[in-house]
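Shown next, in structure tokens, is the structure this report addresses.
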Amino acid sequence: MMRRLRIALAQINTTVGDLEGNTKKIIENIYEARKLGVDLIAFPELAITGYPPEDLLLNPQFIQDNLRCLRDIEKETQDITAVVGFVNRDNEIFNAAALMYNGQLKGAHHKMYLPNYGVFDEQRYFQEGCGYSVFVVRDVTVGVSICEDIWHPEGPVNIMALSGAEVIININASPYHAGKGKQREEMLSTRASDNTVIVAYVNMVGGQDELVFDGHSLIFDQGGELISRGKQFEEDMVIVDINADSVLRQRLHDPRRRKERLVFERECPPDVRRIPVSKTSDYSKKPQLSERKIPQMLLMEEIYHALLLGTKDYVRKNGFDNVLIGLSGGVDSSLVAAIAVDVLGADRVVGLLMPSPYTSKESIEDAFQVAKNLGIKVKEIPINEPFNKYLDTLATHFKGMIPDVTEENLQARIRGNILMAFSNKFGWLVLTTGNKSEMSVGYATLYGDMAGGFAVIKDVPKTMVYELCRYRNSTGKKAVIPERIIEKEPTAELRTGQKDSDTLPPYHILDPILKAYVEEDRSFEEMIDTGFAEETVRKVIHMVDRSEYKRRQSPPGIKITPRALGKDRRFPITNRYKSY
């Protein structure tokens, strides 16, 4: 009889700390999978607690409650095997994957490779796992691993495959950044073909503070060919029938693997437990599976959907109903407004236009046009009067001094105060509109345009803002962001005739320098050798370094690049080192 296994990958949207809600969602998916004849269903890493739970893990009661939820899930595993991410406790705590069947915990894998780079701090909390198990599910040998475990060629996947595993279930909470999907696919394909094993990779989906998890679960056959993929940025259940005999057949034709296994068993035989779980099932009684065709998104579509999901979940999971955006008639606030409307609906988004003496007639027209195109309410509150009162109040103290950035920042801070007043009065979440280029070099006003609860495009470079605006315009019957907004020269309009280029290099020059310095840690000499002007690079590095204190006080924002400002990049505020 052919050895087959029906696998389901449940990429669910969990919420950190919502143990009961996450458990309910897991159980609902188990019920659904059972109806579809699934033999084994896998859930993401730390699915019970949500990811990352951070210092909640230092609370013993939190650990105990998560174990109680695991027992509740165990009870619902009648005639189905479930792999669920949870926190295990045995003197230390472990990032763990439980394998359960028929109301019993059959075994657990403890994550062995704990990432401690970028946004990850797992060594702060968890003990590294040791020991290996493989599970016999419906006469198919299955290995279970967690996220980082599979990125290491000589790691647990290799040992489990050499110990007989024909299928590897890898559960993940892998955050998104642009281009990561391709990197994952290449790695998983290699791991499957190198070990002659079927790899089933399930990833979390949803937004959690700065992070977005993109789902995009994947299954590769033993030759490294993609069998199926999950949807991007939405919950999904990927169900596939796999043929374990095809793995055995390919291994029988591979003498190199037999030699590798012989050396492995002679030189470093680990203690691998083989745990029986369930007997074979009658496939003739299983319902037919429908064909899946999930197209991959192009880059701007992918990034836009990451911003949508990150914004939606931050608003929803933190209990807000409405959001408020300071509209300026510029490209940044227009993009943030479009994202907010796309995820919340026009009736839950309010625009606040606060013209100053330096706001142009065109900017006012553009702000109203964006609002009209998006169908959102706009409140107009000119700031001329409070601005003049501030100037009068300070006139004696500033007598004889030339107006400078002080007066410019006063306008931004008046606007920030008004935005936060509306937030306090009506319970609306303020979405800030600063982009990564501005935040990197400090071209933003602390307690002014930085004031708010969530920074939607904080990790989006200015040049990409334009690309995303054009992408958004291409998705509907008509453009929602007027061409004039996209084409006009960027300006803060805080003094007469002001342009961003008065202070900053043009964005098409600034953004590549920022990428080299902030994301790639390139040296001053490397950037000069690439062709950038020496004085421009020196100026940009100086602006980035001296603005760390501002970034520390900025609201959280969605990570979409390989290295975002925040958890990804941690520099001292008091810092005299100069690389130029």
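Identifiers in the structure tokens: chain A, B, ... in order shown; residue index from 1 per chain; ligand index from 1 in order shown.
Within 9 Å of A:Gly330, once only C-alpha atoms are used and residues closer than 6 positions along the same chain are dropped, the contacting residues are Ser363, Asp366, Ala367, Ile485, Ile486, Lys488, Pro490, Thr491 and Ala492 of chain A.
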Please provide as an MDAnalysis selection string all residues within 9 Å of A:Leu429, with the sequence filter that same-chain residues fewer than 4 positions apart are discarded (counting only C-alpha atoms). chainID A and resid 315 320:325 420 423:424 452:454
Those same residues, written as a compact mmCIF listing (two decimals), in the first residue's frame with N, CA and C atoms?
# COMPACT_ATOMS: atom_id res chain seq x y z
N VAL A 315 -3.83 48.70 14.63
CA VAL A 315 -5.06 49.40 15.03
C VAL A 315 -6.02 48.44 15.72
N PHE A 320 -8.34 50.20 18.75
CA PHE A 320 -8.79 51.47 18.18
C PHE A 320 -9.84 51.23 17.10
N ASP A 321 -10.75 52.19 16.97
CA ASP A 321 -11.77 52.12 15.93
C ASP A 321 -11.51 53.08 14.78
N ASN A 322 -10.89 54.22 15.09
CA ASN A 322 -10.67 55.26 14.09
C ASN A 322 -9.24 55.78 14.15
N VAL A 323 -8.79 56.33 13.03
CA VAL A 323 -7.45 56.91 12.98
C VAL A 323 -7.52 58.34 12.46
N LEU A 324 -6.51 59.10 12.81
CA LEU A 324 -6.41 60.51 12.44
C LEU A 324 -5.07 60.74 11.76
N ILE A 325 -5.10 61.47 10.65
CA ILE A 325 -3.88 61.74 9.88
C ILE A 325 -3.78 63.22 9.60
N MET A 420 -2.82 65.51 18.77
CA MET A 420 -2.94 64.73 20.00
C MET A 420 -4.15 65.16 20.83
N SER A 423 -6.85 63.21 19.37
CA SER A 423 -6.67 61.83 19.77
C SER A 423 -7.20 61.60 21.18
N ASN A 424 -6.85 62.51 22.09
CA ASN A 424 -7.31 62.39 23.48
C ASN A 424 -8.83 62.53 23.59
N GLY A 452 2.53 60.99 17.59
CA GLY A 452 1.49 60.07 17.15
C GLY A 452 1.70 58.70 17.75
N GLY A 453 0.82 57.78 17.35
CA GLY A 453 0.85 56.44 17.94
C GLY A 453 1.47 55.37 17.08
N PHE A 454 1.46 55.57 15.75
CA PHE A 454 1.99 54.53 14.86
C PHE A 454 2.51 55.18 13.59
Pick the closest to A:Leu9 from A:Lys317, A:Arg251, A:Lys515, A:Lys231: which is it, counting only C-alpha atoms?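 Among A:Lys317, A:Arg251, A:Lys515, A:Lys231, it is A:Lys231 that comes nearest to A:Leu9.
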Grab the atom CA of A:Ser328 to atom CA of A:Ile541 distance for me, in Å with one decimal place.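 Between these atoms lies a distance of 28.4 Å.
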Run DSSP on the backbone and tell me which residues of stretch 96-151 of chain A come out as strand (DSSP E or B); list them as a PyMOL selection string. chain A and resi 96-101+104-110+132-137+140-146
For stretch 197-206 of chain A, work out the shell of residues within 9 Å, counting only C-alpha atoms and skipping chain neighbours fewer than 5 positions away, then give it as JSON, numbers by chain. {"A": [7, 9, 10, 11, 12, 13, 14, 15, 42, 43, 44, 45, 47, 51, 147, 161, 165, 166, 167, 168, 169, 170, 171, 172, 173, 174, 175, 188, 189, 191, 192, 211, 212, 213, 214, 215, 216, 217, 218, 219, 220, 221, 222, 223, 224, 230, 232, 233, 234, 235, 236, 238, 242, 244, 247, 306, 309, 310, 313]}
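Restricting the calculation to only C-alpha atoms, the smallest distance between A:Arg472 and any of A:Asn116, A:Glu380, A:Ser334, A:Trp151 is found for A:Ser334.
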Using DSSP on the backbone, list every residue of stretch 332-573 of chain A that comes out as alpha helix (DSSP H), and give them as a ChimeraX atom specification. /A:332-344,361-374,384-395,405-426,436-441,462-474,483-487,507-514,524-530,534-546,548-552
Looking at A:Arg522, A:Lys539, A:Arg495, A:Arg546, which one is nearest to A:Ala412, with distances taken over only C-alpha atoms?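 Comparing A:Arg522, A:Lys539, A:Arg495, A:Arg546 against A:Ala412, the winner is A:Arg495.
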A:Val456 surroundings by only C-alpha atoms, 7 Å radius, close-in-sequence under 6 positions cut, as a PDB file with all heavy atoms, in the first residue's frame:
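around-v1.pdb written:
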ATOM      1  N   LEU A 307       2.343  46.764   4.459  1.00  0.00           N
ATOM      2  CA  LEU A 307       1.940  47.983   5.156  1.00  0.00           C
ATOM      3  C   LEU A 307       0.465  47.940   5.545  1.00  0.00           C
ATOM      4  O   LEU A 307       0.083  48.394   6.633  1.00  0.00           O
ATOM      5  CB  LEU A 307       2.229  49.205   4.278  1.00  0.00           C
ATOM      6  CG  LEU A 307       3.709  49.463   3.960  1.00  0.00           C
ATOM      7  CD1 LEU A 307       3.842  50.571   2.922  1.00  0.00           C
ATOM      8  CD2 LEU A 307       4.490  49.815   5.219  1.00  0.00           C
ATOM      9  N   THR A 311      -0.599  47.882   9.516  1.00  0.00           N
ATOM     10  CA  THR A 311      -1.462  48.966  10.005  1.00  0.00           C
ATOM     11  C   THR A 311      -2.763  48.413  10.571  1.00  0.00           C
ATOM     12  O   THR A 311      -3.195  48.790  11.674  1.00  0.00           O
ATOM     13  CB  THR A 311      -1.766  49.956   8.869  1.00  0.00           C
ATOM     14  OG1 THR A 311      -0.541  50.473   8.346  1.00  0.00           O
ATOM     15  CG2 THR A 311      -2.627  51.109   9.368  1.00  0.00           C
ATOM     16  N   VAL A 336      -0.121  57.465   3.365  1.00  0.00           N
ATOM     17  CA  VAL A 336      -0.608  56.945   4.649  1.00  0.00           C
ATOM     18  C   VAL A 336      -2.131  56.963   4.682  1.00  0.00           C
ATOM     19  O   VAL A 336      -2.773  56.012   5.155  1.00  0.00           O
ATOM     20  CB  VAL A 336      -0.021  57.754   5.823  1.00  0.00           C
ATOM     21  CG1 VAL A 336      -0.678  57.352   7.142  1.00  0.00           C
ATOM     22  CG2 VAL A 336       1.485  57.543   5.906  1.00  0.00           C
ATOM     23  N   LEU A 431      -1.874  58.471  13.139  1.00  0.00           N
ATOM     24  CA  LEU A 431      -0.872  57.837  12.275  1.00  0.00           C
ATOM     25  C   LEU A 431       0.094  58.909  11.799  1.00  0.00           C
ATOM     26  O   LEU A 431      -0.308  59.869  11.131  1.00  0.00           O
ATOM     27  CB  LEU A 431      -1.547  57.163  11.075  1.00  0.00           C
ATOM     28  CG  LEU A 431      -2.587  56.082  11.380  1.00  0.00           C
ATOM     29  CD1 LEU A 431      -3.141  55.491  10.085  1.00  0.00           C
ATOM     30  CD2 LEU A 431      -2.003  54.979  12.248  1.00  0.00           C
ATOM     31  N   THR A 432       1.364  58.770  12.147  1.00  0.00           N
ATOM     32  CA  THR A 432       2.354  59.737  11.676  1.00  0.00           C
ATOM     33  C   THR A 432       2.742  59.407  10.239  1.00  0.00           C
ATOM     34  O   THR A 432       2.512  58.301   9.748  1.00  0.00           O
ATOM     35  CB  THR A 432       3.601  59.747  12.572  1.00  0.00           C
ATOM     36  OG1 THR A 432       4.268  58.486  12.442  1.00  0.00           O
ATOM     37  CG2 THR A 432       3.234  59.962  14.020  1.00  0.00           C
ATOM     38  N   THR A 433       3.346  60.390   9.579  1.00  0.00           N
ATOM     39  CA  THR A 433       3.543  60.263   8.130  1.00  0.00           C
ATOM     40  C   THR A 433       5.001  60.379   7.700  1.00  0.00           C
ATOM     41  O   THR A 433       5.292  60.483   6.511  1.00  0.00           O
ATOM     42  CB  THR A 433       2.718  61.338   7.390  1.00  0.00           C
ATOM     43  OG1 THR A 433       3.145  62.641   7.801  1.00  0.00           O
ATOM     44  CG2 THR A 433       1.231  61.191   7.706  1.00  0.00           C
ATOM     45  N   GLY A 557       6.933  51.629  13.983  1.00  0.00           N
ATOM     46  CA  GLY A 557       6.515  51.617  12.581  1.00  0.00           C
ATOM     47  C   GLY A 557       6.831  50.283  11.937  1.00  0.00           C
ATOM     48  O   GLY A 557       7.622  49.501  12.465  1.00  0.00           O
ATOM     49  N   ILE A 558       6.249  50.042  10.794  1.00  0.00           N
ATOM     50  CA  ILE A 558       6.284  48.724  10.160  1.00  0.00           C
ATOM     51  C   ILE A 558       7.629  48.468   9.474  1.00  0.00           C
ATOM     52  O   ILE A 558       8.073  49.260   8.638  1.00  0.00           O
ATOM     53  CB  ILE A 558       5.148  48.599   9.120  1.00  0.00           C
ATOM     54  CG1 ILE A 558       3.803  48.863   9.792  1.00  0.00           C
ATOM     55  CG2 ILE A 558       5.153  47.228   8.462  1.00  0.00           C
ATOM     56  CD1 ILE A 558       2.682  49.159   8.809  1.00  0.00           C
TER      57      ILE A 558
END
